[in-house]
Amino acid sequence: MIRREFSERDIHMALDGELPAEERAAYDAWLDANPEMKARSSRFTADRAAMRAAFASVLDEAVPARLRNVVLGEAPAKKSAPPSRWWLGAAAAALLVAGGLGGYLAGMDGILREDPAEDQLAEQAIAAHVIFAAEKRHAVEVPASDKDHLQTWLSNRVGLKLVAPDLSANGFQLIGGRLLPAGEGKAAMLLYEDDKGERISLFVTAESTENAKGTYASEQSGPQAVYWLDKGYGCAVVGSLPQGQLAVVARSAYDQLLAGLAT
């Protein structure tokens with residue numbers, strides 16, 4: 001049997017469920033051997049999850065024919081004013097989730113990217129949480145048992161001094177962490193779990209040039225993010241806890257992150 005070469009097209013096929021089952025093992029091995037493509041696959045997956053979350057309330061609605069035609073590049077039957085950029089994004093996202101354009105739209109940078117920086121941070125953090133908090137065997141790349149290496153590795157990759165906060169006083173123990181793409185840079189994700197199996201995640205980037213804080217939820221019934229942008233950090237704590245409890249945990253995590261800068 002000749003082993004074929006994989007490409008970015010196969011990433012989209014895998015996202016769409018169109019990759020042949022007999023090729024899955026070889027494809028996974030190819031991703032493991034190509035960190036750049038693996039990171040690209042993670043980014044496409046996170047973009048897809050963010051789009052699903054952003055348009056959860058309209059996924060069951062039919063896409064208007066005129067918007068479908070715009071996205072597919074077909075000329076409208078009648079001359080009319082061009083649709084707004086928002087509707088272009090909405091139509092593309094709706095088609096993405098419906099499977100019409102599949103993973104190829106998932107890789108289109110810039111679409112639906114006009115939100116403020118803090119919203120982008122929160123959306124990326126929520127998307128990552130939705131994907132990895134549900135994982136049982138592959139939730140993290142480096143386990144908490146190797147905490148020193150985890151902190152050093154993520155600090156070097158993200159470009160800031162990262163100390164994994166101790167959230168045991170809040171009832172959460174560190175599971176481990178992983179490196180993720182975030183826009184043009186990288187992000188560290190730390191995952192925590194309580195004795196009931198509830199998980200929260202800490203998403204940190206070093207690209208913040210703004211000062212902001214707040215709470216963000218991409219959908220009413222999904223996880224929410226409490227975030228800060230300050231002192232060069234972009235930080236979001238994500239979970240499905242009551243908002244007040246999540247805010248307390250986030251404050252503890254952020255205070256420890258800042259304290260780590262001074263040590």
# chains A, B, ... in the order shown; residues from 1 in each chain; ligands from 1

call {"tool": "residues_around", "arguments": {"residues": "Ala253 in chain A", "least_positions_apart": "3", "cutoff": "8 Å", "atoms": "only C-alpha atoms", "output": "list in words"}}
result
Pro165, Asp166, Leu167, Val249, Ala250, Gln256 and Leu257 of chain A

call {"tool": "closest_residue", "arguments": {"among": "A:Glu5, A:Leu229, A:Asn170, A:Glu198", "to": "Gln120 in chain A", "atoms": "only C-alpha atoms"}}
result
A:Leu229

call {"tool": "residues_around", "arguments": {"residues": "Thr205 in chain A", "least_positions_apart": "5", "cutoff": "10 Å", "atoms": "only C-alpha atoms", "output": "PyMOL selection string"}}
result
chain A and resi 121+158-160+162+180-182+185-189+229+232-236

call {"tool": "residues_around", "arguments": {"residues": "Gln173 in chain A", "least_positions_apart": "3", "cutoff": "9 Å", "atoms": "only C-alpha atoms", "output": "ChimeraX atom specification"}}
result
/A:144,166-168,170,191-195

call {"tool": "write_last_selection", "arguments": {"atoms": "N, CA and C atoms", "output": "mmCIF file, in the first residue's frame"}}
result
data_model
loop_
_atom_site.group_PDB
_atom_site.id
_atom_site.type_symbol
_atom_site.label_atom_id
_atom_site.label_comp_id
_atom_site.auth_asym_id
_atom_site.auth_seq_id
_atom_site.Cartn_x
_atom_site.Cartn_y
_atom_site.Cartn_z
ATOM 1 N N ALA A 144 -0.385 18.218 34.727
ATOM 2 C CA ALA A 144 -0.011 18.984 35.922
ATOM 3 C C ALA A 144 1.133 18.335 36.685
ATOM 4 N N ASP A 166 -2.742 28.733 41.407
ATOM 5 C CA ASP A 166 -3.228 27.705 42.327
ATOM 6 C C ASP A 166 -4.664 28.061 42.694
ATOM 7 N N LEU A 167 -5.609 27.299 42.180
ATOM 8 C CA LEU A 167 -7.022 27.578 42.417
ATOM 9 C C LEU A 167 -7.662 26.562 43.367
ATOM 10 N N SER A 168 -6.825 25.886 44.151
ATOM 11 C CA SER A 168 -7.349 24.879 45.079
ATOM 12 C C SER A 168 -8.275 25.499 46.121
ATOM 13 N N ASN A 170 -10.377 27.629 45.563
ATOM 14 C CA ASN A 170 -11.665 27.780 44.890
ATOM 15 C C ASN A 170 -12.276 26.437 44.505
ATOM 16 N N LEU A 191 -6.043 24.056 32.087
ATOM 17 C CA LEU A 191 -7.333 23.431 32.376
ATOM 18 C C LEU A 191 -7.383 22.971 33.828
ATOM 19 N N TYR A 192 -8.506 23.262 34.492
ATOM 20 C CA TYR A 192 -8.713 22.912 35.901
ATOM 21 C C TYR A 192 -10.004 22.114 36.053
ATOM 22 N N GLU A 193 -10.074 21.327 37.132
ATOM 23 C CA GLU A 193 -11.263 20.500 37.378
ATOM 24 C C GLU A 193 -11.542 20.424 38.872
ATOM 25 N N ASP A 194 -12.837 20.415 39.253
ATOM 26 C CA ASP A 194 -13.178 20.256 40.665
ATOM 27 C C ASP A 194 -13.542 18.807 40.949
ATOM 28 N N ASP A 195 -13.897 18.500 42.198
ATOM 29 C CA ASP A 195 -14.151 17.110 42.577
ATOM 30 C C ASP A 195 -15.444 16.557 41.984
#

call {"tool": "residues_around", "arguments": {"residues": "Leu15 in chain A", "least_positions_apart": "2", "cutoff": "9 Å", "atoms": "only C-alpha atoms", "output": "ChimeraX atom specification"}}
result
/A:10-13,17-19,41,44-45,48,102-103

call {"tool": "write_last_selection", "arguments": {"atoms": "N, CA and C atoms", "output": "PDB file, in the first residue's frame"}}
result
ATOM      1  N   ASP A  10      -6.911  18.143   3.221  1.00  0.00           N
ATOM      2  CA  ASP A  10      -7.353  17.018   4.053  1.00  0.00           C
ATOM      3  C   ASP A  10      -7.804  17.486   5.426  1.00  0.00           C
ATOM      4  N   ILE A  11      -7.254  18.612   5.906  1.00  0.00           N
ATOM      5  CA  ILE A  11      -7.719  19.167   7.176  1.00  0.00           C
ATOM      6  C   ILE A  11      -9.187  19.553   7.050  1.00  0.00           C
ATOM      7  N   HIS A  12      -9.525  20.213   5.941  1.00  0.00           N
ATOM      8  CA  HIS A  12     -10.916  20.598   5.724  1.00  0.00           C
ATOM      9  C   HIS A  12     -11.810  19.367   5.559  1.00  0.00           C
ATOM     10  N   MET A  13     -11.305  18.358   4.873  1.00  0.00           N
ATOM     11  CA  MET A  13     -12.085  17.136   4.703  1.00  0.00           C
ATOM     12  C   MET A  13     -12.339  16.463   6.046  1.00  0.00           C
ATOM     13  N   GLY A  17     -15.938  15.744   8.054  1.00  0.00           N
ATOM     14  CA  GLY A  17     -16.302  14.338   8.151  1.00  0.00           C
ATOM     15  C   GLY A  17     -16.209  13.602   6.829  1.00  0.00           C
ATOM     16  N   GLU A  18     -15.431  14.154   5.875  1.00  0.00           N
ATOM     17  CA  GLU A  18     -15.337  13.569   4.544  1.00  0.00           C
ATOM     18  C   GLU A  18     -14.040  12.795   4.324  1.00  0.00           C
ATOM     19  N   LEU A  19     -13.160  12.766   5.314  1.00  0.00           N
ATOM     20  CA  LEU A  19     -11.916  12.015   5.173  1.00  0.00           C
ATOM     21  C   LEU A  19     -12.232  10.523   5.318  1.00  0.00           C
ATOM     22  N   SER A  41      -4.981  23.049  12.036  1.00  0.00           N
ATOM     23  CA  SER A  41      -6.194  22.260  12.246  1.00  0.00           C
ATOM     24  C   SER A  41      -6.912  22.704  13.512  1.00  0.00           C
ATOM     25  N   PHE A  44      -8.605  26.084  12.788  1.00  0.00           N
ATOM     26  CA  PHE A  44      -9.814  25.923  11.989  1.00  0.00           C
ATOM     27  C   PHE A  44     -10.951  25.358  12.838  1.00  0.00           C
ATOM     28  N   THR A  45     -10.609  24.394  13.717  1.00  0.00           N
ATOM     29  CA  THR A  45     -11.622  23.791  14.580  1.00  0.00           C
ATOM     30  C   THR A  45     -12.182  24.824  15.542  1.00  0.00           C
ATOM     31  N   ARG A  48     -14.425  27.260  13.737  1.00  0.00           N
ATOM     32  CA  ARG A  48     -15.721  26.630  13.448  1.00  0.00           C
ATOM     33  C   ARG A  48     -16.607  26.630  14.683  1.00  0.00           C
ATOM     34  N   GLY A 102     -18.459  23.864   4.054  1.00  0.00           N
ATOM     35  CA  GLY A 102     -17.558  23.054   4.855  1.00  0.00           C
ATOM     36  C   GLY A 102     -16.361  23.788   5.393  1.00  0.00           C
ATOM     37  N   GLY A 103     -15.271  23.027   5.540  1.00  0.00           N
ATOM     38  CA  GLY A 103     -14.090  23.562   6.191  1.00  0.00           C
ATOM     39  C   GLY A 103     -13.384  24.634   5.417  1.00  0.00           C
TER      40      GLY A 103
END

call {"tool": "atom_distance", "arguments": {"atom1": "CA of Thr215 in chain A", "atom2": "CA of Val238 in chain A"}}
result
9.7 Å

call {"tool": "closest_residue", "arguments": {"among": "A:Pro35, A:Lys161, A:Trp228, A:Gln124", "to": "Ala259 in chain A", "atoms": "only C-alpha atoms"}}
result
A:Lys161

call {"tool": "atom_distance", "arguments": {"atom1": "CA of Leu261 in chain A", "atom2": "CA of Ala125 in chain A"}}
result
21.9 Å

call {"tool": "atom_distance", "arguments": {"atom1": "CA of Ala26 in chain A", "atom2": "CA of Asp146 in chain A"}}
result
29.2 Å

call {"tool": "closest_residue", "arguments": {"among": "A:Ile131, A:Arg178, A:Gln243, A:Asp47", "to": "Leu202 in chain A", "atoms": "only C-alpha atoms"}}
result
A:Arg178

call {"tool": "residues_around", "arguments": {"residues": "Ser240 in chain A", "least_positions_apart": "4", "cutoff": "9 Å", "atoms": "only C-alpha atoms", "output": "number ranges by chain"}}
result
A: 198-200, 221-225, 246

call {"tool": "select_by_dssp", "arguments": {"residues": "range 180-254 of chain A", "states": "alpha helix (DSSP H)", "output": "PyMOL selection string"}}
result
chain A and resi 243-254

call {"tool": "write_last_selection", "arguments": {"atoms": "C-alpha atoms", "output": "PDB file, in the first residue's frame"}}
result
ATOM      1  CA  GLN A 243     -21.350  34.257  37.033  1.00  0.00           C
ATOM      2  CA  GLY A 244     -20.476  35.411  40.547  1.00  0.00           C
ATOM      3  CA  GLN A 245     -18.488  32.261  41.297  1.00  0.00           C
ATOM      4  CA  LEU A 246     -16.663  32.412  37.977  1.00  0.00           C
ATOM      5  CA  ALA A 247     -15.762  36.052  38.632  1.00  0.00           C
ATOM      6  CA  VAL A 248     -14.213  35.134  42.012  1.00  0.00           C
ATOM      7  CA  VAL A 249     -12.144  32.351  40.436  1.00  0.00           C
ATOM      8  CA  ALA A 250     -11.075  34.654  37.602  1.00  0.00           C
ATOM      9  CA  ARG A 251      -9.970  37.374  40.009  1.00  0.00           C
ATOM     10  CA  SER A 252      -7.833  34.875  41.930  1.00  0.00           C
ATOM     11  CA  ALA A 253      -6.266  33.542  38.735  1.00  0.00           C
ATOM     12  CA  TYR A 254      -5.503  36.988  37.355  1.00  0.00           C
TER      13      TYR A 254
END
